[in-house]
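Visitor: Quick one: structure below, then a few questions.
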Amino acid sequence: MWLLLVIVLNLQVSPPHIQHGEIVGTYGTAKACLKAQADLLEEYKPVPPPLNLGCLPLNNVKST
């Protein structure tokens, strides 16, 4: 299983810290997660600097 995670950083403090984090989707394959990531990036073009997103594997968990 793969998680598509969005993290918003607070860049006004040093060092930056996480202001908000959210799992925006779960996917059965890395390919499906990466496609959803690309689609989300298209929505947010241009991507604001505090926005970070990526696909993370959640090992040993099977989707039901």
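Labels used: A, B, ... for chains in the order of the structure tokens, numbers from 1 for residues in each chain, and numbers from 1 for ligands as shown.
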Which residues are close to Met1 in chain A, i.e. within 6 Å by only C-alpha atoms, leaving aside same-chain residues fewer than 5 positions away? Reply as a list in words.

Guide: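 Selected residues are Tyr27, Gly28 and Leu58 of chain A.
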
Visitor: Suppose we keep N, CA and C atoms; can you now write the selection as a PDB file, in the first residue's frame?

Guide:
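Printed below is again_36.pdb as written:
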ATOM      1  N   TYR A  27      -3.103   4.054  -2.159  1.00  0.00           N
ATOM      2  CA  TYR A  27      -3.033   3.416  -3.469  1.00  0.00           C
ATOM      3  C   TYR A  27      -2.398   2.042  -3.345  1.00  0.00           C
ATOM      4  N   GLY A  28      -2.779   1.153  -4.220  1.00  0.00           N
ATOM      5  CA  GLY A  28      -2.273  -0.206  -4.202  1.00  0.00           C
ATOM      6  C   GLY A  28      -0.901  -0.366  -4.824  1.00  0.00           C
ATOM      7  N   LEU A  58       3.806   2.015   2.615  1.00  0.00           N
ATOM      8  CA  LEU A  58       3.381   1.530   3.921  1.00  0.00           C
ATOM      9  C   LEU A  58       3.538   0.016   3.854  1.00  0.00           C
TER      10      LEU A  58
END

Visitor: Given only C-alpha atoms, how would the per-residue table for range 5-40 of chain A near range 48-56 of chain A read, listing every residue at most 8 Å away with its closest atom pair and distance in Å to one decimal, sorted by chain and number, as a tab-separated table?

Guide:
residue	atom	partner	partner_atom	distance
A:Leu5	CA	A:Leu53	CA	5.5
A:Val6	CA	A:Leu53	CA	4.3
A:Ile7	CA	A:Asn52	CA	5.1
A:Val8	CA	A:Leu51	CA	4.7
A:Leu9	CA	A:Pro50	CA	4.8
A:Asn10	CA	A:Pro50	CA	6.7
A:Leu11	CA	A:Pro50	CA	6.6
A:Ala30	CA	A:Cys55	CA	7.4
A:Cys33	CA	A:Cys55	CA	6.1
A:Leu34	CA	A:Cys55	CA	6.6
A:Gln37	CA	A:Gly54	CA	6.7

Visitor: May I ask which of the residues A:Asp39, A:Gly25, A:Tyr44, A:His17 is the closest one to Leu4 in chain A, counting only C-alpha atoms?

Guide: A:Gly25

Visitor: Closest to Pro57 in chain A among A:Ile23, A:Thr29, A:Ala38, A:Glu43, using only C-alpha atoms?

Guide: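 Looking at the shortest contact to Pro57 in chain A, the residue is A:Thr29.
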
Visitor: I'd like the interatomic distance between CA of Leu41 in chain A and CA of Ser14 in chain A, to a tenth of an Å.

Guide: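 Computing it gives 26.2 Å between the two atoms.
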